[in-house]
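S.K.: Got a structure for you, query-v3.cif, holding mmCIF, C-alpha atoms and all ligand atoms.
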```cif
data_run
#
loop_
_atom_site.label_atom_id
_atom_site.label_comp_id
_atom_site.auth_asym_id
_atom_site.auth_seq_id
_atom_site.Cartn_x
_atom_site.Cartn_y
_atom_site.Cartn_z
CA MET Z 1 16.41 -89.04 27.22
CA ALA Z 2 12.82 -89.70 26.21
CA GLU Z 3 13.46 -89.05 22.55
CA VAL Z 4 16.04 -91.76 22.19
CA PHE Z 5 15.63 -94.04 25.17
CA SER Z 6 11.94 -93.94 25.95
CA GLY Z 7 11.94 -97.68 26.56
CA ALA Z 8 14.98 -97.79 28.78
CA GLY Z 9 13.30 -99.47 31.76
CA ASP Z 10 11.60 -98.43 35.00
CA HIS Z 11 14.63 -98.84 37.24
CA HIS Z 12 16.67 -96.32 35.23
CA VAL Z 13 14.76 -93.17 35.90
CA TYR Z 14 16.26 -89.79 35.28
CA ARG Z 15 16.67 -87.95 38.55
CA GLY Z 16 16.59 -84.19 38.42
CA ASP Z 17 18.91 -83.83 41.43
CA LEU Z 18 21.72 -85.29 39.30
CA ALA Z 19 21.54 -82.31 37.01
CA ALA Z 20 23.04 -79.99 39.54
CA GLY Z 21 26.44 -81.59 40.18
CA ALA Z 22 26.85 -84.77 38.14
CA GLU Z 23 29.90 -85.14 35.96
CA LEU Z 24 28.95 -87.16 32.91
CA ILE Z 25 31.99 -89.01 31.61
CA CYS Z 26 32.07 -91.14 28.46
CA ARG Z 27 34.36 -92.51 25.78
CA PHE Z 28 33.26 -93.21 22.24
CA GLN Z 29 34.47 -94.00 18.75
CA ALA Z 30 34.57 -91.73 15.69
CA ASP Z 31 31.07 -92.85 14.65
CA GLY Z 32 29.74 -91.98 18.15
CA THR Z 33 29.42 -95.53 19.50
CA LEU Z 34 29.97 -95.42 23.26
CA THR Z 35 32.73 -97.63 24.72
CA TYR Z 36 32.35 -96.40 28.30
CA ALA Z 37 29.93 -94.32 30.36
CA ASN Z 38 30.26 -93.60 34.08
CA PRO Z 39 27.33 -94.23 36.47
CA ASP Z 40 26.29 -90.55 36.52
CA PHE Z 41 26.19 -90.58 32.72
CA CYS Z 42 23.99 -93.69 32.72
CA ARG Z 43 21.66 -92.33 35.37
CA TYR Z 44 21.40 -88.96 33.65
CA PHE Z 45 20.38 -90.49 30.32
CA ALA Z 46 18.51 -93.42 31.96
CA LEU Z 47 20.75 -95.99 30.29
CA PRO Z 48 20.72 -99.57 31.56
CA GLU Z 49 24.10 -100.02 33.23
CA GLY Z 50 26.47 -102.16 31.20
CA SER Z 51 24.56 -101.57 27.99
CA CYS Z 52 26.00 -98.26 27.03
CA THR Z 53 27.80 -99.78 24.07
CA GLN Z 54 24.40 -100.04 22.42
CA VAL Z 55 24.21 -96.27 22.42
CA ASN Z 56 25.50 -93.61 20.02
CA PHE Z 57 26.86 -90.46 21.66
CA PHE Z 58 25.53 -88.22 18.91
CA MET Z 59 22.03 -89.64 19.24
CA LEU Z 60 21.86 -88.46 22.85
CA ALA Z 61 21.37 -84.92 21.59
CA SER Z 62 18.16 -83.56 20.15
CA GLY Z 63 17.76 -84.08 16.41
CA HIS Z 64 18.77 -80.64 15.23
CA GLU Z 65 21.91 -80.73 17.45
CA ARG Z 66 23.38 -84.00 16.21
CA GLN Z 67 25.07 -82.81 13.01
CA LYS Z 68 26.60 -79.85 14.80
CA ILE Z 69 28.10 -82.05 17.56
CA LYS Z 70 29.32 -84.61 15.03
CA ALA Z 71 31.09 -81.84 13.11
CA VAL Z 72 32.82 -80.62 16.28
CA ILE Z 73 34.05 -84.11 17.19
CA GLN Z 74 35.23 -84.89 13.66
CA SER Z 75 37.14 -81.61 13.51
CA LEU Z 76 39.41 -82.66 16.39
CA ASN Z 77 42.99 -83.30 15.17
CA HIS Z 78 46.62 -82.95 16.23
CA SER Z 79 46.62 -79.21 16.08
CA ARG Z 80 43.26 -78.92 17.90
CA PRO Z 81 42.82 -82.04 19.99
CA ALA Z 82 40.24 -80.66 22.44
CA GLU Z 83 37.06 -78.63 22.07
CA ASP Z 84 34.24 -77.41 24.29
CA PHE Z 85 30.66 -77.28 23.03
CA CYS Z 86 27.10 -77.21 24.25
CA SER Z 87 24.23 -79.51 23.38
CA VAL Z 88 20.51 -79.63 23.92
CA THR Z 89 18.68 -82.77 24.77
CA ALA Z 90 15.19 -83.73 25.87
CA ILE Z 91 14.69 -85.76 29.01
CA ASN Z 92 11.18 -86.71 30.13
CA ASN Z 93 9.86 -84.08 27.70
CA GLU Z 94 12.02 -81.47 29.41
CA THR Z 95 14.66 -79.54 27.49
CA ARG Z 96 18.07 -79.74 29.16
CA TRP Z 97 21.31 -78.02 28.22
CA LEU Z 98 24.70 -79.68 28.61
CA HIS Z 99 28.21 -78.31 28.43
CA TRP Z 100 30.81 -80.75 27.08
CA SER Z 101 34.61 -80.77 27.14
CA SER Z 102 35.79 -83.24 24.50
CA ARG Z 103 39.14 -84.50 23.34
CA VAL Z 104 40.61 -87.04 20.95
CA LEU Z 105 43.31 -89.66 21.67
CA PHE Z 106 45.72 -90.88 18.96
CA ASP Z 107 47.55 -94.25 18.47
CA ASP Z 108 51.26 -94.64 17.76
CA GLN Z 109 50.65 -93.91 14.07
CA GLY Z 110 48.87 -90.67 14.95
CA CYS Z 111 45.43 -91.97 14.00
CA PRO Z 112 42.39 -91.09 16.17
CA VAL Z 113 41.50 -94.11 18.31
CA GLU Z 114 39.16 -92.76 20.90
CA TYR Z 115 37.16 -89.72 21.89
CA GLN Z 116 36.39 -88.66 25.45
CA ALA Z 117 33.84 -86.22 26.72
CA VAL Z 118 32.98 -84.82 30.14
CA GLY Z 119 29.60 -83.16 30.42
CA ARG Z 120 27.80 -80.99 32.98
CA ASP Z 121 24.15 -79.98 33.08
CA ILE Z 122 23.95 -76.22 32.72
CA THR Z 123 20.16 -75.99 32.36
CA GLU Z 124 19.65 -73.85 35.47
CA VAL Z 125 22.40 -71.47 34.36
CA LYS Z 126 20.97 -71.40 30.83
CA ILE Z 127 17.46 -70.66 32.11
CA LEU Z 128 18.87 -67.92 34.31
CA GLU Z 129 20.82 -66.51 31.36
CA ASP Z 130 17.72 -66.62 29.17
CA ARG Z 131 15.67 -64.87 31.83
CA LEU Z 132 18.36 -62.25 32.26
CA ALA Z 133 18.55 -61.79 28.49
CA ALA Z 134 14.74 -61.47 28.31
CA ALA Z 135 14.77 -59.01 31.20
CA LYS Z 136 17.58 -57.05 29.53
CA PHE Z 137 15.68 -57.01 26.25
CA ASP Z 138 12.51 -55.89 28.02
CA LEU Z 139 14.41 -53.22 29.94
CA GLU Z 140 16.05 -51.96 26.74
CA ARG Z 141 12.65 -51.72 25.02
CA ARG Z 142 11.23 -49.87 28.03
CA LEU Z 143 14.22 -47.52 28.07
CA GLU Z 144 13.85 -46.99 24.34
CA ARG Z 145 10.13 -46.16 24.74
CA ARG Z 146 10.85 -43.93 27.75
CA SER Z 147 13.66 -42.17 25.85
CA MET Z 148 11.29 -41.51 22.97
CA GLU Z 149 8.64 -40.20 25.37
CA LEU Z 150 11.22 -37.99 27.05
CA ALA Z 151 12.46 -36.74 23.68
CA VAL Z 152 8.90 -35.80 22.72
CA ALA Z 153 8.32 -34.21 26.13
CA ASN Z 154 11.59 -32.31 25.82
CA GLU Z 155 10.64 -31.12 22.36
CA ASN Z 156 7.27 -29.93 23.66
CA LEU Z 157 8.94 -28.27 26.62
CA GLN Z 158 11.43 -26.47 24.39
CA ARG Z 159 8.55 -25.30 22.21
CA LEU Z 160 6.74 -24.03 25.31
CA VAL Z 161 9.89 -22.30 26.59
CA ALA Z 162 10.42 -20.65 23.19
CA MET Z 163 6.78 -19.55 23.15
CA HIS Z 164 7.08 -18.26 26.71
CA GLU Z 165 10.28 -16.37 25.86
CA GLU Z 166 8.64 -14.83 22.81
CA ASN Z 167 5.59 -13.81 24.87
CA GLU Z 168 7.86 -12.44 27.57
CA ARG Z 169 9.82 -10.45 24.97
CA LYS Z 170 6.60 -9.03 23.52
CA LEU Z 171 5.25 -8.26 26.99
CA LYS Z 172 8.51 -6.56 27.98
CA ALA Z 173 8.45 -4.52 24.77
CA THR Z 174 4.82 -3.53 25.45
CA LEU Z 175 5.67 -2.67 29.05
CA THR Z 176 8.65 -0.58 28.00
CA LYS Z 177 6.52 1.22 25.44
CA THR Z 178 3.77 1.80 28.03
CA SER Z 179 6.36 2.97 30.58
CA ARG Z 180 7.84 5.42 28.07
CA SER Z 181 4.35 6.71 27.24
CA LEU Z 182 3.57 7.13 30.93
CA LEU Z 183 6.91 8.81 31.45
CA GLY Z 184 6.10 11.20 28.62
CA VAL Z 185 2.87 12.12 30.42
CA ILE Z 186 4.73 12.59 33.72
CA LYS Z 187 7.29 14.88 32.06
CA ALA Z 188 4.49 16.86 30.42
CA ILE Z 189 2.76 17.34 33.79
CA SER Z 190 6.09 18.32 35.33
CA LYS Z 191 6.61 21.02 32.69
CA MET Z 192 3.01 22.17 33.05
CA ILE Z 193 3.58 22.89 36.76
CA GLU Z 194 6.73 24.85 36.00
CA ILE Z 195 5.06 26.91 33.28
CA ARG Z 196 2.89 28.44 35.98
CA ASP Z 197 6.02 29.56 37.83
CA PRO Z 198 8.63 30.76 35.31
CA HIS Z 199 11.14 31.51 38.10
CA THR Z 200 11.44 27.84 38.94
CA ALA Z 201 11.49 26.56 35.37
CA GLY Z 202 13.55 23.38 35.13
CA HIS Z 203 13.67 23.00 38.93
CA GLN Z 204 11.99 19.58 39.04
CA ARG Z 205 14.11 18.20 36.18
CA ARG Z 206 17.40 19.56 37.63
CA MET Z 207 16.46 18.42 41.13
CA THR Z 208 15.61 14.95 39.76
CA ASN Z 209 19.04 14.78 38.07
CA LEU Z 210 20.70 15.42 41.44
CA ALA Z 211 18.40 13.13 43.46
CA CYS Z 212 18.93 10.20 41.06
CA THR Z 213 22.70 10.77 41.07
CA ILE Z 214 22.64 10.66 44.90
CA ALA Z 215 20.61 7.41 44.70
CA ARG Z 216 23.27 5.91 42.41
CA GLU Z 217 26.06 7.14 44.69
CA MET Z 218 24.31 5.43 47.62
CA SER Z 219 23.92 2.22 45.55
CA LEU Z 220 20.15 2.13 45.98
CA SER Z 221 18.14 -0.49 44.09
CA VAL Z 222 16.80 0.09 40.58
CA ASP Z 223 13.32 0.26 42.12
CA GLN Z 224 14.33 3.00 44.55
CA TYR Z 225 16.16 4.88 41.79
CA ASN Z 226 13.07 4.81 39.53
CA ALA Z 227 10.80 5.83 42.41
CA ILE Z 228 13.03 8.86 43.07
CA TYR Z 229 13.05 9.66 39.33
CA VAL Z 230 9.24 9.79 39.06
CA ALA Z 231 8.68 11.43 42.46
CA GLY Z 232 11.36 14.02 41.65
CA LEU Z 233 9.64 15.06 38.43
CA LEU Z 234 6.29 15.36 40.24
CA HIS Z 235 7.34 16.53 43.72
CA ASP Z 236 5.88 20.04 43.30
CA ILE Z 237 2.69 18.94 41.51
CA GLY Z 238 0.72 20.24 44.50
CA LYS Z 239 1.70 23.82 43.56
CA ILE Z 240 -1.06 23.59 40.95
CA SER Z 241 -3.35 24.67 43.81
CA VAL Z 242 -1.32 27.85 44.45
CA PRO Z 243 -2.48 30.81 42.35
CA SER Z 244 0.09 31.60 39.67
CA GLU Z 245 0.18 35.27 40.77
CA ILE Z 246 1.61 34.13 44.09
CA LEU Z 247 4.11 31.74 42.48
CA SER Z 248 5.36 34.22 39.91
CA ARG Z 249 5.18 37.41 41.96
CA PRO Z 250 8.59 38.82 42.91
CA GLY Z 251 9.15 39.72 46.53
CA ARG Z 252 8.56 37.93 49.80
CA LEU Z 253 5.27 36.11 50.46
CA THR Z 254 2.82 37.09 53.14
CA GLU Z 255 2.18 34.61 55.93
CA VAL Z 256 -1.10 33.52 54.37
CA GLU Z 257 0.51 33.10 50.97
CA TYR Z 258 3.33 31.12 52.56
CA LEU Z 259 0.81 28.80 54.27
CA LEU Z 260 -0.83 28.28 50.91
CA VAL Z 261 2.50 27.34 49.34
CA LYS Z 262 3.34 25.05 52.30
CA ALA Z 263 0.19 23.04 51.60
CA HIS Z 264 1.63 21.81 48.25
CA PRO Z 265 3.08 18.50 49.56
CA GLN Z 266 -0.33 17.50 50.97
CA VAL Z 267 -2.13 18.62 47.81
CA GLY Z 268 0.40 16.70 45.71
CA TYR Z 269 -0.13 13.59 47.87
CA ASP Z 270 -3.92 13.86 47.50
CA MET Z 271 -3.53 14.13 43.73
CA LEU Z 272 -1.16 11.15 43.44
CA LYS Z 273 -2.40 8.73 46.11
CA GLU Z 274 -4.95 7.15 43.76
CA VAL Z 275 -2.37 6.61 41.02
CA ASP Z 276 -1.24 2.98 41.08
CA PHE Z 277 2.53 3.52 40.79
CA PRO Z 278 4.75 0.53 41.55
CA TRP Z 279 6.48 2.74 44.14
CA PRO Z 280 5.29 4.97 47.04
CA VAL Z 281 5.49 8.11 44.90
CA ALA Z 282 2.62 9.90 46.70
CA GLU Z 283 4.26 9.36 50.14
CA MET Z 284 7.61 10.60 48.83
CA VAL Z 285 5.96 13.75 47.45
CA LEU Z 286 4.16 14.24 50.78
CA GLN Z 287 7.45 13.96 52.73
CA HIS Z 288 9.83 15.98 50.53
CA HIS Z 289 9.76 18.97 52.89
CA GLU Z 290 10.16 16.91 56.07
CA ARG Z 291 13.42 17.28 58.06
CA ILE Z 292 15.02 14.61 60.26
CA ASN Z 293 14.90 16.94 63.30
CA GLY Z 294 11.10 17.15 62.98
CA LYS Z 295 11.11 20.80 61.90
CA GLY Z 296 9.83 20.11 58.39
CA TYR Z 297 6.25 19.99 57.12
CA PRO Z 298 3.46 19.02 56.70
CA GLN Z 299 3.64 16.25 59.35
CA GLY Z 300 6.80 17.16 61.25
CA LEU Z 301 8.15 13.62 60.85
CA LYS Z 302 11.53 12.72 62.39
CA GLY Z 303 14.48 10.46 61.49
CA ASN Z 304 13.41 7.06 60.25
CA GLU Z 305 9.75 8.12 60.09
CA ILE Z 306 10.77 9.69 56.79
CA LEU Z 307 11.33 7.51 53.72
CA LEU Z 308 14.98 7.40 52.62
CA GLU Z 309 13.87 8.36 49.12
CA ALA Z 310 12.10 11.44 50.56
CA LYS Z 311 15.25 12.39 52.49
CA ILE Z 312 17.17 12.32 49.19
CA LEU Z 313 14.47 14.42 47.50
CA ALA Z 314 14.68 16.94 50.38
CA VAL Z 315 18.44 17.43 50.01
CA ALA Z 316 18.31 17.60 46.19
CA ASP Z 317 15.35 20.02 46.35
CA CYS Z 318 17.15 22.43 48.69
CA ILE Z 319 20.50 22.26 46.89
CA GLU Z 320 18.92 22.98 43.50
CA ALA Z 321 16.75 25.77 44.91
CA MET Z 322 19.65 27.47 46.73
CA GLY Z 323 21.81 27.34 43.66
CA SER Z 324 19.15 29.00 41.49
CA GLN Z 325 18.22 32.63 41.09
CA ARG Z 326 14.92 33.71 42.70
CA PRO Z 327 12.99 37.00 42.25
CA TYR Z 328 13.61 37.85 45.91
CA ARG Z 329 17.29 36.73 46.17
CA SER Z 330 20.42 35.91 44.19
CA ALA Z 331 21.64 32.37 43.65
CA PHE Z 332 24.01 31.02 46.31
CA THR Z 333 27.43 29.96 45.13
CA LEU Z 334 28.24 26.24 45.16
CA SER Z 335 30.61 26.64 48.10
CA GLU Z 336 27.90 28.49 50.07
CA VAL Z 337 25.41 25.77 49.23
CA LEU Z 338 27.80 22.99 50.32
CA LYS Z 339 28.63 24.90 53.49
CA GLN Z 340 24.91 24.99 54.36
CA LEU Z 341 24.64 21.33 53.53
CA VAL Z 342 27.50 20.41 55.90
CA ALA Z 343 26.04 22.65 58.63
CA ASN Z 344 22.71 20.79 58.39
CA LYS Z 345 24.20 17.30 58.17
CA GLY Z 346 22.55 15.16 60.84
CA VAL Z 347 20.38 18.17 61.86
CA ALA Z 348 17.88 18.75 59.05
CA TYR Z 349 19.35 16.31 56.53
CA ASP Z 350 20.22 12.64 56.70
CA PRO Z 351 24.02 12.35 57.16
CA ASP Z 352 24.43 9.54 54.60
CA VAL Z 353 22.53 11.52 51.99
CA VAL Z 354 24.64 14.61 52.72
CA ASP Z 355 27.87 12.58 52.40
CA ALA Z 356 26.75 11.15 49.05
CA CYS Z 357 25.79 14.63 47.84
CA LEU Z 358 29.16 16.11 48.89
CA THR Z 359 30.99 13.30 47.08
CA ILE Z 360 29.00 14.03 43.92
CA PHE Z 361 29.91 17.72 43.90
CA ARG Z 362 33.52 17.26 44.99
CA ASP Z 363 34.53 14.12 43.06
CA ARG Z 364 31.98 13.27 40.37
CA ASP Z 365 31.81 16.21 37.96
CA PHE Z 366 28.06 16.55 38.54
CA ASP Z 367 26.04 18.71 36.13
CA PHE Z 368 22.43 19.72 36.99
CA ASN Z 369 21.62 19.87 33.28
CA ARG Z 370 22.87 16.40 32.37
CA ASP Z 371 19.57 14.54 32.30
CA VAL Z 372 19.24 11.09 33.85
CA GLU Z 373 16.71 8.56 32.56
CA LEU Z 374 14.42 5.92 34.04
CA ASP Z 375 16.28 2.63 34.55
CA TYR Z 376 14.67 -0.13 32.41
CA SER Z 377 17.14 -2.81 33.47
CA LEU Z 378 14.58 -4.53 35.76
FE FE Z 401 8.48 21.55 47.18
#
```
Mind turning this structure into structure tokens?
Ligand SMILES: [Fe+2]
M.R.:
Amino acid sequence: MAEVFSGAGDHHVYRGDLAAGAELICRFQADGTLTYANPDFCRYFALPEGSCTQVNFFMLASGHERQKIKAVIQSLNHSRPAEDFCSVTAINNETRWLHWSSRVLFDDQGCPVEYQAVGRDITEVKILEDRLAAAKFDLERRLERRSMELAVANENLQRLVAMHEENERKLKATLTKTSRSLLGVIKAISKMIEIRDPHTAGHQRRMTNLACTIAREMSLSVDQYNAIYVAGLLHDIGKISVPSEILSRPGRLTEVEYLLVKAHPQVGYDMLKEVDFPWPVAEMVLQHHERINGKGYPQGLKGNEILLEAKILAVADCIEAMGSQRPYRSAFTLSEVLKQLVANKGVAYDPDVVDACLTIFRDRDFDFNRDVELDYSL
């Protein structure tokens, strides 16, 4: 208690190890004058033993604490005879915190005669609490800063996402527009081919309607459906190399003429192979006259050597052609066409494709002239 008892004597030295467990017990009067102090109390405050009555309890606290402690003690009465409080004191220039339990004793007339206090050093706890509070404060500030940084980052991210979504929407719109333009060109080419052969006018469109409906019936992907749509519209593009007199002339073709017509899948492939479609359109056009038994042309491919999409084109091509009038023959009836289809199931045509096609005609109210469209749902 350097502040108050700096001259207390060398043999009464404060010992830090007392702080941990000592119980400081004292009794004092209303003005703070001590009447008793136990040995731990004396050692703690470096009081000469037996001279505690020279000391004022309130003066043991640091200056700014004294009035507060005095007020607590003087407030003790019958209805509130005991009170706990904390005090700060300075010992050997070191700040120490004490926790006190105090009480007042009354005489027979009910007047206060004595005050008692039991104190414990809580400095270590107080330091720990202060450190924890400082750490908590620091952590809260860090969290606050981090939250603000995250909020800014989130705001920037949302702005980027919105910008990306807007760009994606514009890109999608541009792509759709480009796709529709390209599709317009494909349809124009498709019609151009058919103009040269008036007897097969509408064949590619009607065949495409059937091929795409088979693709839907077989639950093919949107990609496969779109590939069939484009390849269907262009599958006879190679006929551009066949003189129009041969295409439009009634009557059966000579063997040479027939060979010329049979070259159209290869010619079509050669025309389309450089076009960068997102699907194997050129290969599908090349294979649309192949048969699973290897008796098709131009390569005589068998079974799984043929693309599934080309197998669908083959069935749709034949069904549409058989059902249409030609200069050299009448149109087959639907039942005749389906009979042929069943007869060639697993022979010339893929059985799954035939089954899907039969379902369409028997159960789905299919109409060759109900146009399908490219699927933009990708
Ligand atoms: Fe063809």
S.K.: Neighbours of ligand FE 401 (chain Z) within 10 Å, counting only C-alpha atoms and all ligand atoms, as a list in words?
M.R.: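 Taking only C-alpha atoms and all ligand atoms into account, the residues around ligand FE 401 (chain Z) at most 10 Å away are His203, Gln204, Gly232, Leu234, His235, Asp236, Ile237, Gly238, Lys239, Val261, Lys262, Ala263, His264, Pro265, Gly268, Val285, Leu286, Gln287, His288, His289, Leu313, Ala314, Asp317, Cys318 and Ala321 of chain Z.
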S.K.: Could you check which of Z:Thr200, Z:Ala22, Z:Asp367, Z:Phe277 is closest to Z:Ser179, using all atoms listed in the file?
M.R.: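 Answer, going by the shortest atom-to-atom distance: Z:Phe277.
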S.K.: How far is it from atom CA of Z:Lys126 to atom CA of Z:Trp97, in Å with one decimal?
M.R.: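 Going from atom CA of Z:Lys126 over to atom CA of Z:Trp97 covers 7.1 Å.
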S.K.: Please work out which residues fall within 12 Å of (11.4, 9.2, 60.8), coordinates as given in the file, with all atoms listed in the file counting, and return them as number ranges by chain.
M.R.: Z: 287, 290-296, 299-311, 348-350
S.K.: I need every residue sitting at most 12 Å from the point (8.6, 21.6, 32.0) (coordinates as in the file, only C-alpha atoms considered), written as a list in words.
M.R.: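 Residues with an atom close enough to that point: Gly184, Val185, Ile186, Lys187, Ala188, Ile189, Ser190, Lys191, Met192, Ile193, Glu194, Ile195, Arg196, Asp197, Pro198, His199, Thr200, Ala201, Gly202, His203, Gln204, Arg205, Arg206, Leu233, Leu234, Asp236 and Ile237 of chain Z.
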S.K.: Which of these, Z:Ser51, Z:Asn77, Z:Thr89, Z:Thr123, has the shortest distance to Z:His64 once you count only C-alpha atoms?
M.R.: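 Ranking Z:Ser51, Z:Asn77, Z:Thr89, Z:Thr123 by distance to Z:His64, first place goes to Z:Thr89.
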S.K.: Provide the atom CA of Z:Glu373 to atom CA of Z:Tyr229 distance in Å, to one decimal place.
M.R.: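 Computing the Euclidean distance for atom CA of Z:Glu373 and atom CA of Z:Tyr229 yields 7.8 Å.
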S.K.: Interatomic distance between atom CA of Z:Glu140 and atom CA of Z:Glu155?
M.R.: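 That distance, rounded to one decimal, is 22.0 Å.
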S.K.: Write out as a PyMOL selection string the residues lying within 6 Å of Z:Glu114, counting all atoms listed in the file and excluding same-chain residues fewer than 5 positions away.
M.R.: chain Z and resi 29+104-105
S.K.: Given the choices Z:Trp279, Z:Phe28, Z:Tyr328, Z:Phe45, which gets closest to Z:Ile228 if the distance is worked out from all atoms listed in the file?
M.R.: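 Among Z:Trp279, Z:Phe28, Z:Tyr328, Z:Phe45, it is Z:Trp279 that comes nearest to Z:Ile228.
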S.K.: Identify, on the basis of only C-alpha atoms, every residue whose closest approach to Z:Phe366 does not exceed 12 Å; exclude the query and any residue fewer than 6 positions from it along the same chain; express the result as JSON, numbers by chain.
M.R.: {"Z": [206, 209, 210, 211, 212, 213, 214, 217, 334, 356, 357, 358, 359, 360, 372]}
S.K.: With C-alpha atoms retained, could you export that selection as a tab-separated table (two decimals), keeping the file's coordinate frame?
M.R.:
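Writing done, so here's part-v1.tsv:
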```
chain	number	residue	atom	x	y	z
Z	206	ARG	CA	17.40	19.56	37.63
Z	209	ASN	CA	19.04	14.78	38.07
Z	210	LEU	CA	20.70	15.42	41.44
Z	211	ALA	CA	18.40	13.13	43.46
Z	212	CYS	CA	18.93	10.20	41.06
Z	213	THR	CA	22.70	10.77	41.07
Z	214	ILE	CA	22.64	10.66	44.90
Z	217	GLU	CA	26.06	7.14	44.69
Z	334	LEU	CA	28.24	26.24	45.16
Z	356	ALA	CA	26.75	11.15	49.05
Z	357	CYS	CA	25.79	14.63	47.84
Z	358	LEU	CA	29.16	16.11	48.89
Z	359	THR	CA	30.99	13.30	47.08
Z	360	ILE	CA	29.00	14.03	43.92
Z	372	VAL	CA	19.24	11.09	33.85
```
S.K.: With a distance cut-off of 12 Å and all atoms listed in the file, select the neighbouring residues of Z:Leu60, excluding the residue or stretch itself and same-chain residues fewer than 5 positions from it, and output the selection as a ChimeraX atom specification.
M.R.: /Z:1-6,26,32-34,41-42,44-47,52,54-55,65-67,69-70,87-91,96-98
S.K.: Dump C-alpha atoms for the selected residues as a short mmCIF file (atom, residue, chain, number, x, y, z; two decimals), in the frame of the given file?
M.R.:
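Result file follows (selection26.cif):
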```cif
data_model
loop_
_atom_site.label_atom_id
_atom_site.label_comp_id
_atom_site.auth_asym_id
_atom_site.auth_seq_id
_atom_site.Cartn_x
_atom_site.Cartn_y
_atom_site.Cartn_z
CA MET Z 1 16.41 -89.04 27.22
CA ALA Z 2 12.82 -89.70 26.21
CA GLU Z 3 13.46 -89.05 22.55
CA VAL Z 4 16.04 -91.76 22.19
CA PHE Z 5 15.63 -94.04 25.17
CA SER Z 6 11.94 -93.94 25.95
CA CYS Z 26 32.07 -91.14 28.46
CA GLY Z 32 29.74 -91.98 18.15
CA THR Z 33 29.42 -95.53 19.50
CA LEU Z 34 29.97 -95.42 23.26
CA PHE Z 41 26.19 -90.58 32.72
CA CYS Z 42 23.99 -93.69 32.72
CA TYR Z 44 21.40 -88.96 33.65
CA PHE Z 45 20.38 -90.49 30.32
CA ALA Z 46 18.51 -93.42 31.96
CA LEU Z 47 20.75 -95.99 30.29
CA CYS Z 52 26.00 -98.26 27.03
CA GLN Z 54 24.40 -100.04 22.42
CA VAL Z 55 24.21 -96.27 22.42
CA GLU Z 65 21.91 -80.73 17.45
CA ARG Z 66 23.38 -84.00 16.21
CA GLN Z 67 25.07 -82.81 13.01
CA ILE Z 69 28.10 -82.05 17.56
CA LYS Z 70 29.32 -84.61 15.03
CA SER Z 87 24.23 -79.51 23.38
CA VAL Z 88 20.51 -79.63 23.92
CA THR Z 89 18.68 -82.77 24.77
CA ALA Z 90 15.19 -83.73 25.87
CA ILE Z 91 14.69 -85.76 29.01
CA ARG Z 96 18.07 -79.74 29.16
CA TRP Z 97 21.31 -78.02 28.22
CA LEU Z 98 24.70 -79.68 28.61
#
```
S.K.: Mind filling out stretch 69-80 of chain Z with N, CA and C atoms and sending it as an mmCIF file, in the frame of the given file?
M.R.:
```
data_model
loop_
_atom_site.group_PDB
_atom_site.id
_atom_site.type_symbol
_atom_site.label_atom_id
_atom_site.label_comp_id
_atom_site.auth_asym_id
_atom_site.auth_seq_id
_atom_site.Cartn_x
_atom_site.Cartn_y
_atom_site.Cartn_z
ATOM 1 N N ILE Z 69 27.188 -81.400 16.605
ATOM 2 C CA ILE Z 69 28.100 -82.050 17.560
ATOM 3 C C ILE Z 69 29.053 -82.997 16.809
ATOM 4 N N LYS Z 70 28.497 -83.681 15.843
ATOM 5 C CA LYS Z 70 29.320 -84.610 15.030
ATOM 6 C C LYS Z 70 30.430 -83.847 14.329
ATOM 7 N N ALA Z 71 30.097 -82.654 13.815
ATOM 8 C CA ALA Z 71 31.090 -81.840 13.110
ATOM 9 C C ALA Z 71 32.192 -81.389 14.057
ATOM 10 N N VAL Z 72 31.818 -81.066 15.297
ATOM 11 C CA VAL Z 72 32.820 -80.620 16.280
ATOM 12 C C VAL Z 72 33.782 -81.761 16.569
ATOM 13 N N ILE Z 73 33.224 -82.946 16.842
ATOM 14 C CA ILE Z 73 34.050 -84.110 17.190
ATOM 15 C C ILE Z 73 34.970 -84.487 16.024
ATOM 16 N N GLN Z 74 34.428 -84.480 14.819
ATOM 17 C CA GLN Z 74 35.230 -84.890 13.660
ATOM 18 C C GLN Z 74 36.284 -83.854 13.282
ATOM 19 N N SER Z 75 36.138 -82.645 13.821
ATOM 20 C CA SER Z 75 37.140 -81.610 13.510
ATOM 21 C C SER Z 75 38.363 -81.710 14.410
ATOM 22 N N LEU Z 76 38.279 -82.547 15.469
ATOM 23 C CA LEU Z 76 39.410 -82.660 16.390
ATOM 24 C C LEU Z 76 40.587 -83.310 15.657
ATOM 25 N N ASN Z 77 41.783 -82.770 15.833
ATOM 26 C CA ASN Z 77 42.990 -83.300 15.170
ATOM 27 C C ASN Z 77 44.213 -82.966 16.016
ATOM 28 N N HIS Z 78 45.371 -83.171 15.469
ATOM 29 C CA HIS Z 78 46.620 -82.950 16.230
ATOM 30 C C HIS Z 78 46.774 -81.494 16.648
ATOM 31 N N SER Z 79 46.430 -80.628 15.743
ATOM 32 C CA SER Z 79 46.620 -79.210 16.080
ATOM 33 C C SER Z 79 45.504 -78.691 16.996
ATOM 34 N N ARG Z 80 44.360 -79.352 17.001
ATOM 35 C CA ARG Z 80 43.260 -78.920 17.900
ATOM 36 C C ARG Z 80 42.606 -80.167 18.462
#
```
